[in-house]
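Next comes my_file-v4.cif, with mmCIF, N, CA and C atoms.
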```cif
data_structure
loop_
_atom_site.label_atom_id
_atom_site.label_comp_id
_atom_site.auth_asym_id
_atom_site.auth_seq_id
_atom_site.Cartn_x
_atom_site.Cartn_y
_atom_site.Cartn_z
N MET A 860 36.65 102.27 17.20
CA MET A 860 37.58 101.63 18.11
C MET A 860 36.93 101.47 19.47
N LEU A 861 37.22 100.42 20.10
CA LEU A 861 36.71 100.19 21.43
C LEU A 861 37.61 100.88 22.44
N GLY A 862 37.09 101.16 23.60
CA GLY A 862 37.89 101.76 24.66
C GLY A 862 38.90 100.77 25.20
N TYR A 863 40.00 101.29 25.71
CA TYR A 863 41.05 100.44 26.24
C TYR A 863 40.94 100.35 27.74
N ALA A 864 41.01 99.16 28.24
CA ALA A 864 41.06 98.93 29.68
C ALA A 864 42.32 98.12 29.95
N PRO A 865 43.02 98.41 31.04
CA PRO A 865 44.23 97.64 31.33
C PRO A 865 43.92 96.15 31.38
N GLY A 866 44.78 95.36 30.77
CA GLY A 866 44.57 93.92 30.74
C GLY A 866 43.84 93.44 29.50
N ASP A 867 43.26 94.39 28.72
CA ASP A 867 42.61 94.00 27.47
C ASP A 867 43.65 93.55 26.46
N SER A 868 43.26 92.63 25.62
CA SER A 868 44.14 92.24 24.53
C SER A 868 43.91 93.19 23.37
N LEU A 869 44.83 93.17 22.44
CA LEU A 869 44.70 94.02 21.26
C LEU A 869 43.43 93.67 20.50
N GLY A 870 43.06 92.40 20.48
CA GLY A 870 41.86 91.97 19.77
C GLY A 870 40.59 92.60 20.31
N HIS A 871 40.56 92.91 21.59
CA HIS A 871 39.38 93.56 22.17
C HIS A 871 39.30 95.03 21.78
N ARG A 872 40.42 95.62 21.37
CA ARG A 872 40.44 97.04 21.07
C ARG A 872 40.26 97.35 19.60
N LEU A 873 40.27 96.36 18.74
CA LEU A 873 40.17 96.61 17.31
C LEU A 873 38.72 96.64 16.84
N ASP A 874 38.49 97.40 15.78
CA ASP A 874 37.16 97.52 15.20
C ASP A 874 36.78 96.19 14.54
N PRO A 875 35.54 95.71 14.75
CA PRO A 875 35.12 94.44 14.16
C PRO A 875 35.21 94.42 12.63
N ARG A 876 34.98 95.56 12.00
CA ARG A 876 35.07 95.60 10.53
C ARG A 876 36.50 95.32 10.08
N GLY A 877 37.46 95.87 10.80
CA GLY A 877 38.86 95.61 10.48
C GLY A 877 39.21 94.15 10.68
N LYS A 878 38.67 93.57 11.75
CA LYS A 878 38.95 92.16 12.01
C LYS A 878 38.35 91.27 10.92
N LEU A 879 37.15 91.61 10.45
CA LEU A 879 36.53 90.83 9.38
C LEU A 879 37.31 90.98 8.08
N LEU A 880 37.76 92.20 7.79
CA LEU A 880 38.56 92.41 6.58
C LEU A 880 39.90 91.68 6.67
N PHE A 881 40.48 91.65 7.85
CA PHE A 881 41.73 90.91 8.06
C PHE A 881 41.52 89.43 7.79
N GLN A 882 40.43 88.88 8.31
CA GLN A 882 40.13 87.47 8.07
C GLN A 882 39.93 87.20 6.59
N ALA A 883 39.24 88.09 5.91
CA ALA A 883 39.02 87.91 4.47
C ALA A 883 40.35 87.98 3.72
N GLY A 884 41.23 88.87 4.13
CA GLY A 884 42.54 88.97 3.50
C GLY A 884 43.38 87.72 3.72
N VAL A 885 43.35 87.19 4.93
CA VAL A 885 44.09 85.95 5.21
C VAL A 885 43.51 84.80 4.41
N ALA A 886 42.19 84.73 4.30
CA ALA A 886 41.56 83.67 3.52
C ALA A 886 41.96 83.79 2.04
N ALA A 887 41.94 85.00 1.51
CA ALA A 887 42.33 85.20 0.11
C ALA A 887 43.78 84.82 -0.10
N ALA A 888 44.64 85.21 0.83
CA ALA A 888 46.06 84.85 0.72
C ALA A 888 46.23 83.34 0.82
N GLY A 889 45.45 82.69 1.66
CA GLY A 889 45.53 81.24 1.78
C GLY A 889 45.14 80.52 0.51
N PHE A 890 44.16 81.05 -0.21
CA PHE A 890 43.76 80.43 -1.47
C PHE A 890 44.75 80.77 -2.58
N ALA A 891 45.31 81.98 -2.55
CA ALA A 891 46.26 82.39 -3.58
C ALA A 891 47.62 81.70 -3.42
N HIS A 892 47.99 81.42 -2.18
CA HIS A 892 49.31 80.83 -1.90
C HIS A 892 49.14 79.53 -1.13
N ALA A 893 48.50 78.57 -1.74
CA ALA A 893 48.22 77.29 -1.07
C ALA A 893 49.39 76.33 -1.22
N THR A 894 50.57 76.84 -0.96
CA THR A 894 51.79 76.03 -0.99
C THR A 894 52.29 75.87 0.43
N PRO A 895 53.17 74.93 0.69
CA PRO A 895 53.71 74.82 2.04
C PRO A 895 54.37 76.11 2.52
N ARG A 896 55.10 76.79 1.66
CA ARG A 896 55.75 78.05 2.05
C ARG A 896 54.71 79.14 2.35
N GLY A 897 53.69 79.25 1.50
CA GLY A 897 52.65 80.24 1.73
C GLY A 897 51.89 79.99 3.02
N LEU A 898 51.60 78.73 3.29
CA LEU A 898 50.88 78.39 4.52
C LEU A 898 51.77 78.56 5.75
N ALA A 899 53.09 78.42 5.58
CA ALA A 899 54.00 78.68 6.70
C ALA A 899 53.96 80.16 7.08
N VAL A 900 53.92 81.02 6.08
CA VAL A 900 53.81 82.46 6.35
C VAL A 900 52.47 82.75 7.02
N LEU A 901 51.39 82.14 6.53
CA LEU A 901 50.08 82.36 7.14
C LEU A 901 50.01 81.80 8.56
N THR A 902 50.78 80.77 8.84
CA THR A 902 50.85 80.23 10.19
C THR A 902 51.43 81.28 11.14
N VAL A 903 52.47 81.97 10.69
CA VAL A 903 53.06 83.03 11.50
C VAL A 903 52.05 84.16 11.70
N VAL A 904 51.36 84.53 10.64
CA VAL A 904 50.35 85.60 10.74
C VAL A 904 49.25 85.20 11.72
N ALA A 905 48.75 83.97 11.60
CA ALA A 905 47.71 83.50 12.51
C ALA A 905 48.23 83.43 13.95
N GLY A 906 49.46 82.99 14.12
CA GLY A 906 50.05 82.93 15.46
C GLY A 906 50.15 84.30 16.10
N VAL A 907 50.56 85.30 15.32
CA VAL A 907 50.64 86.66 15.84
C VAL A 907 49.24 87.17 16.19
N ALA A 908 48.26 86.88 15.33
CA ALA A 908 46.89 87.31 15.61
C ALA A 908 46.37 86.66 16.89
N LEU A 909 46.63 85.38 17.08
CA LEU A 909 46.20 84.70 18.30
C LEU A 909 46.91 85.29 19.52
N ALA A 910 48.19 85.59 19.38
CA ALA A 910 48.93 86.18 20.50
C ALA A 910 48.38 87.56 20.85
N CYS A 911 48.01 88.33 19.84
CA CYS A 911 47.44 89.66 20.10
C CYS A 911 46.09 89.55 20.82
N CYS A 912 45.41 88.46 20.59
CA CYS A 912 44.12 88.23 21.25
C CYS A 912 44.28 87.47 22.56
N ARG A 913 45.53 87.21 22.94
CA ARG A 913 45.84 86.44 24.15
C ARG A 913 45.10 85.10 24.16
N LEU A 914 45.22 84.41 23.06
CA LEU A 914 44.59 83.12 22.89
C LEU A 914 45.65 82.13 22.42
N SER A 915 45.81 81.05 23.13
CA SER A 915 46.82 80.07 22.74
C SER A 915 46.30 79.22 21.57
N PRO A 916 47.21 78.74 20.74
CA PRO A 916 46.77 77.86 19.64
C PRO A 916 46.09 76.59 20.15
N VAL A 917 46.51 76.11 21.31
CA VAL A 917 45.87 74.91 21.88
C VAL A 917 44.42 75.21 22.24
N ALA A 918 44.17 76.38 22.83
CA ALA A 918 42.80 76.77 23.17
C ALA A 918 41.96 76.93 21.91
N ALA A 919 42.55 77.51 20.86
CA ALA A 919 41.81 77.68 19.61
C ALA A 919 41.48 76.32 18.99
N LEU A 920 42.43 75.38 19.05
CA LEU A 920 42.16 74.03 18.55
C LEU A 920 41.07 73.34 19.37
N GLY A 921 41.07 73.60 20.66
CA GLY A 921 40.04 73.02 21.51
C GLY A 921 38.65 73.49 21.14
N GLU A 922 38.56 74.73 20.69
CA GLU A 922 37.26 75.27 20.30
C GLU A 922 36.73 74.65 19.00
N VAL A 923 37.63 74.19 18.15
CA VAL A 923 37.21 73.62 16.86
C VAL A 923 37.46 72.12 16.81
N ARG A 924 37.51 71.50 17.97
CA ARG A 924 37.85 70.07 18.05
C ARG A 924 36.89 69.17 17.28
N LEU A 925 35.65 69.59 17.10
CA LEU A 925 34.70 68.76 16.36
C LEU A 925 35.02 68.73 14.87
N ALA A 926 35.70 69.76 14.36
CA ALA A 926 36.06 69.79 12.94
C ALA A 926 37.36 69.04 12.66
N LEU A 927 38.16 68.81 13.68
CA LEU A 927 39.47 68.18 13.48
C LEU A 927 39.40 66.81 12.82
N PRO A 928 38.50 65.91 13.24
CA PRO A 928 38.45 64.61 12.56
C PRO A 928 38.15 64.72 11.06
N LEU A 929 37.31 65.66 10.69
CA LEU A 929 37.02 65.85 9.26
C LEU A 929 38.22 66.39 8.51
N LEU A 930 38.96 67.30 9.15
CA LEU A 930 40.14 67.86 8.51
C LEU A 930 41.24 66.82 8.35
N VAL A 931 41.30 65.87 9.26
CA VAL A 931 42.30 64.80 9.16
C VAL A 931 41.83 63.72 8.19
N ALA A 932 40.54 63.47 8.15
CA ALA A 932 40.01 62.40 7.30
C ALA A 932 40.18 62.68 5.82
N GLY A 933 40.08 63.93 5.41
CA GLY A 933 40.19 64.26 3.98
C GLY A 933 41.47 63.75 3.35
N PRO A 934 42.63 64.12 3.88
CA PRO A 934 43.87 63.61 3.30
C PRO A 934 44.01 62.09 3.40
N LEU A 935 43.52 61.51 4.49
CA LEU A 935 43.63 60.05 4.63
C LEU A 935 42.79 59.33 3.59
N VAL A 936 41.60 59.81 3.36
CA VAL A 936 40.71 59.19 2.37
C VAL A 936 41.31 59.33 0.97
N GLU A 937 41.94 60.46 0.72
CA GLU A 937 42.50 60.70 -0.61
C GLU A 937 43.67 59.77 -0.93
N THR A 938 44.34 59.25 0.08
CA THR A 938 45.48 58.36 -0.17
C THR A 938 45.05 56.96 -0.60
N VAL A 939 43.85 56.55 -0.25
CA VAL A 939 43.38 55.20 -0.55
C VAL A 939 42.90 55.13 -1.99
N ARG A 940 43.32 54.11 -2.70
CA ARG A 940 42.92 53.86 -4.08
C ARG A 940 42.20 52.53 -4.18
N LEU A 941 41.36 52.40 -5.17
CA LEU A 941 40.61 51.16 -5.37
C LEU A 941 41.31 50.19 -6.30
N GLY A 942 42.54 50.46 -6.60
CA GLY A 942 43.35 49.57 -7.43
C GLY A 942 44.80 49.78 -7.10
N ALA A 943 45.65 49.04 -7.79
CA ALA A 943 47.08 49.19 -7.52
C ALA A 943 47.56 50.55 -8.01
N PRO A 944 48.33 51.25 -7.31
CA PRO A 944 48.76 51.04 -5.92
C PRO A 944 47.61 51.39 -4.97
N TRP A 945 47.46 50.62 -3.96
CA TRP A 945 46.34 50.77 -3.03
C TRP A 945 46.46 52.03 -2.19
N VAL A 946 47.67 52.44 -1.96
CA VAL A 946 47.91 53.65 -1.17
C VAL A 946 48.82 54.57 -1.98
N ALA A 947 48.40 55.82 -2.16
CA ALA A 947 49.19 56.82 -2.89
C ALA A 947 49.41 58.02 -1.98
N PRO A 948 50.49 58.01 -1.18
CA PRO A 948 50.71 59.09 -0.22
C PRO A 948 50.84 60.47 -0.86
N ALA A 949 51.35 60.55 -2.07
CA ALA A 949 51.50 61.85 -2.73
C ALA A 949 50.16 62.52 -2.99
N ALA A 950 49.10 61.72 -3.11
CA ALA A 950 47.77 62.27 -3.35
C ALA A 950 47.21 63.01 -2.14
N ALA A 951 47.82 62.81 -0.98
CA ALA A 951 47.32 63.44 0.24
C ALA A 951 47.77 64.89 0.38
N LEU A 952 48.78 65.32 -0.39
CA LEU A 952 49.32 66.67 -0.21
C LEU A 952 48.30 67.78 -0.48
N PRO A 953 47.62 67.81 -1.63
CA PRO A 953 46.65 68.90 -1.83
C PRO A 953 45.55 68.96 -0.77
N PRO A 954 44.91 67.83 -0.41
CA PRO A 954 43.89 67.94 0.64
C PRO A 954 44.47 68.26 2.01
N ALA A 955 45.72 67.84 2.26
CA ALA A 955 46.34 68.19 3.54
C ALA A 955 46.59 69.69 3.63
N LEU A 956 47.04 70.30 2.54
CA LEU A 956 47.24 71.75 2.52
C LEU A 956 45.91 72.48 2.69
N ALA A 957 44.87 71.98 2.04
CA ALA A 957 43.54 72.60 2.17
C ALA A 957 43.02 72.45 3.60
N SER A 958 43.24 71.31 4.21
CA SER A 958 42.80 71.11 5.59
C SER A 958 43.55 72.03 6.54
N TYR A 959 44.84 72.19 6.31
CA TYR A 959 45.63 73.06 7.17
C TYR A 959 45.20 74.51 7.00
N ARG A 960 44.93 74.92 5.77
CA ARG A 960 44.45 76.28 5.52
C ARG A 960 43.13 76.49 6.25
N THR A 961 42.25 75.52 6.20
CA THR A 961 40.97 75.62 6.90
C THR A 961 41.18 75.72 8.40
N LEU A 962 42.12 74.98 8.92
CA LEU A 962 42.43 75.03 10.35
C LEU A 962 42.92 76.41 10.76
N LEU A 963 43.76 77.03 9.95
CA LEU A 963 44.23 78.39 10.24
C LEU A 963 43.07 79.38 10.25
N LEU A 964 42.18 79.25 9.28
CA LEU A 964 41.04 80.16 9.23
C LEU A 964 40.09 79.94 10.40
N LEU A 965 39.93 78.70 10.82
CA LEU A 965 39.09 78.43 12.00
C LEU A 965 39.72 79.04 13.25
N ALA A 966 41.04 78.99 13.36
CA ALA A 966 41.71 79.60 14.51
C ALA A 966 41.47 81.10 14.54
N LEU A 967 41.54 81.74 13.38
CA LEU A 967 41.26 83.17 13.33
C LEU A 967 39.80 83.46 13.66
N ALA A 968 38.90 82.59 13.24
CA ALA A 968 37.48 82.77 13.56
C ALA A 968 37.26 82.66 15.07
N VAL A 969 37.96 81.74 15.72
CA VAL A 969 37.86 81.61 17.17
C VAL A 969 38.35 82.89 17.85
N ALA A 970 39.45 83.44 17.35
CA ALA A 970 39.97 84.69 17.93
C ALA A 970 38.96 85.82 17.75
N TYR A 971 38.32 85.88 16.59
CA TYR A 971 37.31 86.91 16.35
C TYR A 971 36.13 86.76 17.31
N VAL A 972 35.64 85.55 17.42
CA VAL A 972 34.47 85.32 18.27
C VAL A 972 34.79 85.62 19.74
N ARG A 973 35.99 85.25 20.17
CA ARG A 973 36.38 85.48 21.56
C ARG A 973 36.58 86.95 21.90
N THR A 974 36.89 87.78 20.90
CA THR A 974 37.24 89.17 21.19
C THR A 974 36.21 90.19 20.70
N THR A 975 35.11 89.72 20.12
CA THR A 975 34.13 90.65 19.56
C THR A 975 32.75 90.37 20.11
N PRO A 976 32.15 91.35 20.79
CA PRO A 976 30.77 91.16 21.26
C PRO A 976 29.80 90.98 20.08
N VAL A 977 28.74 90.26 20.33
CA VAL A 977 27.77 89.94 19.28
C VAL A 977 27.19 91.20 18.68
N ARG A 978 26.86 92.17 19.49
CA ARG A 978 26.25 93.40 18.99
C ARG A 978 27.19 94.11 18.00
N GLU A 979 28.48 94.12 18.31
CA GLU A 979 29.44 94.76 17.41
C GLU A 979 29.60 93.97 16.12
N SER A 980 29.51 92.65 16.19
CA SER A 980 29.58 91.82 14.98
C SER A 980 28.38 92.09 14.09
N GLU A 981 27.20 92.20 14.68
CA GLU A 981 26.00 92.50 13.92
C GLU A 981 26.14 93.83 13.21
N ALA A 982 26.63 94.85 13.92
CA ALA A 982 26.79 96.17 13.33
C ALA A 982 27.84 96.16 12.22
N ALA A 983 28.91 95.41 12.40
CA ALA A 983 29.96 95.35 11.39
C ALA A 983 29.45 94.69 10.11
N VAL A 984 28.71 93.61 10.24
CA VAL A 984 28.19 92.93 9.06
C VAL A 984 27.15 93.81 8.38
N ALA A 985 26.32 94.48 9.16
CA ALA A 985 25.32 95.37 8.58
C ALA A 985 26.00 96.54 7.85
N TRP A 986 27.16 96.98 8.33
CA TRP A 986 27.90 98.05 7.67
C TRP A 986 28.55 97.56 6.38
N LEU A 987 29.09 96.33 6.41
CA LEU A 987 29.77 95.79 5.24
C LEU A 987 28.80 95.45 4.12
N VAL A 988 27.61 94.99 4.47
CA VAL A 988 26.59 94.64 3.47
C VAL A 988 25.41 95.58 3.70
N PRO A 989 25.28 96.60 2.87
CA PRO A 989 24.23 97.60 3.11
C PRO A 989 22.82 97.07 2.84
N GLY A 990 21.85 97.77 3.42
CA GLY A 990 20.45 97.47 3.18
C GLY A 990 19.90 96.35 4.02
N ARG A 991 18.77 95.85 3.55
CA ARG A 991 18.06 94.80 4.28
C ARG A 991 18.88 93.52 4.37
N ALA A 992 19.62 93.21 3.33
CA ALA A 992 20.45 91.99 3.35
C ALA A 992 21.49 92.08 4.46
N GLY A 993 22.09 93.25 4.65
CA GLY A 993 23.08 93.44 5.70
C GLY A 993 22.48 93.29 7.08
N ARG A 994 21.29 93.84 7.26
CA ARG A 994 20.64 93.69 8.58
C ARG A 994 20.30 92.23 8.84
N THR A 995 19.84 91.52 7.82
CA THR A 995 19.51 90.10 7.96
C THR A 995 20.76 89.29 8.27
N LEU A 996 21.84 89.53 7.54
CA LEU A 996 23.09 88.83 7.79
C LEU A 996 23.63 89.16 9.17
N GLY A 997 23.50 90.44 9.57
CA GLY A 997 23.97 90.85 10.90
C GLY A 997 23.25 90.12 12.01
N VAL A 998 21.95 89.93 11.86
CA VAL A 998 21.19 89.18 12.87
C VAL A 998 21.62 87.72 12.85
N GLY A 999 21.96 87.20 11.67
CA GLY A 999 22.40 85.82 11.56
C GLY A 999 23.73 85.55 12.24
N VAL A 1000 24.49 86.60 12.45
CA VAL A 1000 25.77 86.43 13.15
C VAL A 1000 25.50 85.98 14.55
#
```
Reformat the file's structure so that it appears as structure tokens.
Amino acid sequence: MLGYAPGDSLGHRLDPRGKLLFQAGVAAAGFAHATPRGLAVLTVVAGVALACCRLSPVAALGEVRLALPLLVAGPLVETVRLGAPWVAPAAALPPALASYRTLLLLALAVAYVRTTPVRESEAAVAWLVPGRAGRTLGVGV
């Protein structure tokens, strides 16, 4: 655990290994429950995590703004057909849910990066993956 200083967010006080495991759990839940209801629950979870890190969703979206056009393009491309019917809006639902799930995970990644020093991330990855592979992955962080 990191030391507490007044004004720190909860995200600054949590162990990086716990934050990585939390992200993995949210990702697993997102893949297991890729329905509108499941993603609504994950939206609440991500919102609480961002609030604990004192990070607004708008700021998190700003950090991943380069990925947004790709996340929007997937569902749009899926609706276009090369024959009649030329547009199939129902075909956009699965890629739209996948894009939204990816957006939630990117928001959590932004919260992690904003609240975890690089040295602690390296140590956490090296702890999670033992041996030389863990040290290599930790440096890659």
Response to the item:
One residue among A:Ala905, A:Val931, A:Cys912, A:Leu987 is nearest to Tyr959 of chain A when using all atoms listed in the file, and that residue is A:Val931
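The space between atom C of Pro934 of chain A and atom CA of Ala951 of chain A spans 4.8 Å.
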Practice prompt. Might you pull out every residue within 8 Å of segment 880-891 of chain A, with only N, CA and C atoms counted and same-chain residues fewer than 5 positions away left off, and present them as number ranges by chain?
Written response: A: 874-875, 897-898, 901, 960-961, 963-964, 967-968
Worksheet entry | DSSP helix (DSSP H, G or I) residues within segment 866-955 of chain A, listed as a ChimeraX atom specification | /A:869-872,875-891,895-911,916-922,927-938,948-955
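We find atom C of Arg913 of chain A and atom C of Leu879 of chain A to be spaced 18.8 Å apart.
Residue selection for this entry, given the PyMOL selection byres ((chain A and resi 976-985) around 6), comprises Pro875, Arg876, Thr974, Thr975, Trp986, Leu987, Val988, Pro989, Gly993, Arg994, Leu996, Gly997 and Val998 of chain A.
Of the residues listed (A:Leu925, A:Ala918, A:Val972, A:Ala957), A:Val972 shows the shortest atom-to-atom separation from Lys878 of chain A; distances use only C-alpha atoms.
If you count only C-alpha atoms and ignore residues fewer than 2 places along the chain from Leu956 of chain A, what sits within 8 Å of it is A:Ala893, A:Thr894, A:Pro895, A:Leu898, A:Leu952, A:Pro953, A:Pro954, A:Ser958, A:Tyr959, A:Arg960.
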Worksheet item: So what does the PyMOL selection byres (((chain A and resi 922 and name CA) around 12) and name CA) actually pick up in this one, as an MDAnalysis selection string?
Response: chainID A and resid 914:921 923:927 962 965:970 972:973
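The space separating atom C of His892 of chain A from atom CA of Leu930 of chain A comes to 17.6 Å.
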